[in-house]
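To start, the structure itself, in structure tokens.
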Amino acid sequence: MASVVKINVLTVPPEMREELERRFAGRAGMVESSDGFEWFELLRPVDDSGRYLVYTRWRSEADFERWQSSQAFQEGHAKAAQGHGQGHGHGQGHGHGQGPASSAAELWAFEVVESAGPKQP
Ligand code: HEM
């Protein structure tokens with residue numbers, strides 16, 4: 001069965017980029033132990049879109065859904081979740097304490113059709 005890719009797209013205001021990266025540097029690291037987890041990358045934009053991609057790859061849709069409803073997910077989002085819902089309005093979340101570092105989040109979902117790595121010698 002094909003793996004699935006789930007990309008959380010975070011829109012991050014310029015003054016919060018450092019804070020976001022700091023949070024990921026200090027992230028819970030629980031996703032690594034979740035069943036069916038295959039890959040994670042935090043991708044920083046090199047243009048001025050302000051959109052960071054949280055790339056994750058899973059063995060199956062069910063494995064991703066299990067992680068999303070797990071305590072591991074909750075703990076991995078302890079700071080991100082504090083005092084907000086998704087897509088909150090302006091004037092919130094731009095402090096450097098708790099609360100979200102992003103001003104919006106959007107989930108992209110894909111199935112892996114083909115993939116390749118370097119040829120082994
Ligand atoms: C409202 C939606 C979301 C926001 C604002 C958000 C933001 C964040 C932030 C700021 C962190 C760093 C840890 C922290 O500050 O607590 C984090 C961790 C993480 N996020 Fe999200 N996130 C959201 C939903 C999702 C979704 C749907 C995925 C699925 C691709 C995802 C994937 C991850 C992963 C893999 C980590 C690392 C967790 C670990 O190390 O165990 N996030 N997220």
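Numbering starts fresh at 1 for the residues of each chain in the structure tokens, the chains themselves are lettered A, B, ... in the order given, and ligands are numbered from 1 as they appear.
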
Practice problem: Extract, using only C-alpha atoms, all DNA, RNA and protein residues at most 8 Å from Gly36 (chain A), discarding same-chain residues fewer than 2 positions from it, and format them as an NGL selection string. | Solution: :A and (34 or 38 or 58-60 or 63-64)

Quiz item: Can I get the residues close to ligand 1 as a PyMOL selection string, where close means within 8 Å and we count only C-alpha atoms and all ligand atoms?
Solution: chain A and resi 6-8+10+20-21+23-32+40-41+54-56+64+68+72-73+75-81+85-87+100-107

Exercise. Write down as a ChimeraX atom specification the residues of region 14-116 of chain A whose backbone DSSP state falls under strand (DSSP E or B).
Key: /A:37-43,51-58,104-111

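Computed from the coordinates, the CA of Ser69 (chain A) to CA of Gly50 (chain A) distance equals 27.8 Å.
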
Practice problem: Can you list, as a PyMOL selection string, all residues belonging to chain A that DSSP tags as helix (DSSP H, G or I)? | Solution: chain A and resi 14-25+31-33+61-68+71-76+78-81

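For the choices A:Arg22, A:Trp39, A:Ala109, A:Val9, the atom-to-atom distance to Leu53 (chain A) is smallest for A:Val9 when using only C-alpha atoms.
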
Exercise. Could you check which of A:Pro14, A:Trp108, A:Gln71, A:Ser33 is closest to Pro45 (chain A), using only C-alpha atoms?
Key: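 Result for the nearest residue to Pro45 (chain A): A:Pro14.
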
Quiz prompt | Contacts of Ser49 (chain A) at 10 Å (only C-alpha atoms; same-chain gap of 2+ positions) as a PyMOL selection string | solution = chain A and resi 11-14+45-47+51-52

Output file for the residues above (N, CA and C atoms, as a PDB file, in the first residue's frame):
```pdb
ATOM      1  N   THR A  11       1.440  29.656   8.212  1.00  0.00           N
ATOM      2  CA  THR A  11       1.756  31.027   7.833  1.00  0.00           C
ATOM      3  C   THR A  11       2.298  31.733   9.074  1.00  0.00           C
ATOM      4  N   VAL A  12       3.537  32.206   8.968  1.00  0.00           N
ATOM      5  CA  VAL A  12       4.228  32.747  10.129  1.00  0.00           C
ATOM      6  C   VAL A  12       4.675  34.186   9.867  1.00  0.00           C
ATOM      7  N   PRO A  13       4.204  35.127  10.701  1.00  0.00           N
ATOM      8  CA  PRO A  13       4.620  36.520  10.557  1.00  0.00           C
ATOM      9  C   PRO A  13       6.128  36.629  10.787  1.00  0.00           C
ATOM     10  N   PRO A  14       6.791  37.560  10.087  1.00  0.00           N
ATOM     11  CA  PRO A  14       8.263  37.692  10.157  1.00  0.00           C
ATOM     12  C   PRO A  14       8.800  37.707  11.592  1.00  0.00           C
ATOM     13  N   PRO A  45      10.697  28.696   4.361  1.00  0.00           N
ATOM     14  CA  PRO A  45      10.581  29.345   3.044  1.00  0.00           C
ATOM     15  C   PRO A  45      11.818  30.177   2.713  1.00  0.00           C
ATOM     16  N   VAL A  46      12.235  30.139   1.452  1.00  0.00           N
ATOM     17  CA  VAL A  46      13.350  30.998   1.032  1.00  0.00           C
ATOM     18  C   VAL A  46      12.832  32.200   0.243  1.00  0.00           C
ATOM     19  N   ASP A  47      11.516  32.215   0.007  1.00  0.00           N
ATOM     20  CA  ASP A  47      10.913  33.407  -0.593  1.00  0.00           C
ATOM     21  C   ASP A  47      10.234  34.193   0.534  1.00  0.00           C
ATOM     22  N   ARG A  51       5.390  31.049   4.519  1.00  0.00           N
ATOM     23  CA  ARG A  51       4.771  29.746   4.752  1.00  0.00           C
ATOM     24  C   ARG A  51       5.803  28.654   4.990  1.00  0.00           C
ATOM     25  N   TYR A  52       5.817  28.161   6.223  1.00  0.00           N
ATOM     26  CA  TYR A  52       6.642  27.011   6.582  1.00  0.00           C
ATOM     27  C   TYR A  52       5.848  25.743   6.286  1.00  0.00           C
TER      28      TYR A  52
END
```

Quiz prompt | Pairwise distance for CA of Glu111 (chain A) and CA of Val4 (chain A), rounded to one decimal in Å | solution =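 CA of Val4 (chain A) lies 4.4 Å from CA of Glu111 (chain A).
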
Exercise. Within 12 Å of Ser115 (chain A), counting only C-alpha atoms, which residues show up once you throw out same-chain ones fewer than 3 positions away? Write them as a list in words, please.
Key: Ala2, Ser3, Val4, Val5, Glu111, Val112 and Pro118 of chain A

Selected residues written out, N, CA and C atoms, as a PDB file, in the first residue's frame:
```pdb
ATOM      1  N   ALA A   2       0.401   2.274  -0.671  1.00  0.00           N
ATOM      2  CA  ALA A   2       1.199   3.498  -0.810  1.00  0.00           C
ATOM      3  C   ALA A   2       1.210   4.316   0.478  1.00  0.00           C
ATOM      4  N   SER A   3       2.337   4.948   0.750  1.00  0.00           N
ATOM      5  CA  SER A   3       2.425   5.871   1.885  1.00  0.00           C
ATOM      6  C   SER A   3       1.619   7.122   1.588  1.00  0.00           C
ATOM      7  N   VAL A   4       1.300   7.865   2.654  1.00  0.00           N
ATOM      8  CA  VAL A   4       0.614   9.147   2.492  1.00  0.00           C
ATOM      9  C   VAL A   4       1.493  10.266   3.050  1.00  0.00           C
ATOM     10  N   VAL A   5       1.386  11.435   2.407  1.00  0.00           N
ATOM     11  CA  VAL A   5       2.129  12.611   2.852  1.00  0.00           C
ATOM     12  C   VAL A   5       1.143  13.654   3.358  1.00  0.00           C
ATOM     13  N   GLU A 111      -1.011  11.239  -1.701  1.00  0.00           N
ATOM     14  CA  GLU A 111      -0.551   9.851  -1.728  1.00  0.00           C
ATOM     15  C   GLU A 111       0.748   9.813  -2.510  1.00  0.00           C
ATOM     16  N   VAL A 112       1.670   8.990  -2.047  1.00  0.00           N
ATOM     17  CA  VAL A 112       2.929   8.834  -2.784  1.00  0.00           C
ATOM     18  C   VAL A 112       2.669   7.946  -3.993  1.00  0.00           C
ATOM     19  N   PRO A 118      18.927   8.011  -3.922  1.00  0.00           N
ATOM     20  CA  PRO A 118      20.132   7.790  -4.725  1.00  0.00           C
ATOM     21  C   PRO A 118      20.362   6.297  -4.966  1.00  0.00           C
TER      22      PRO A 118
END
```
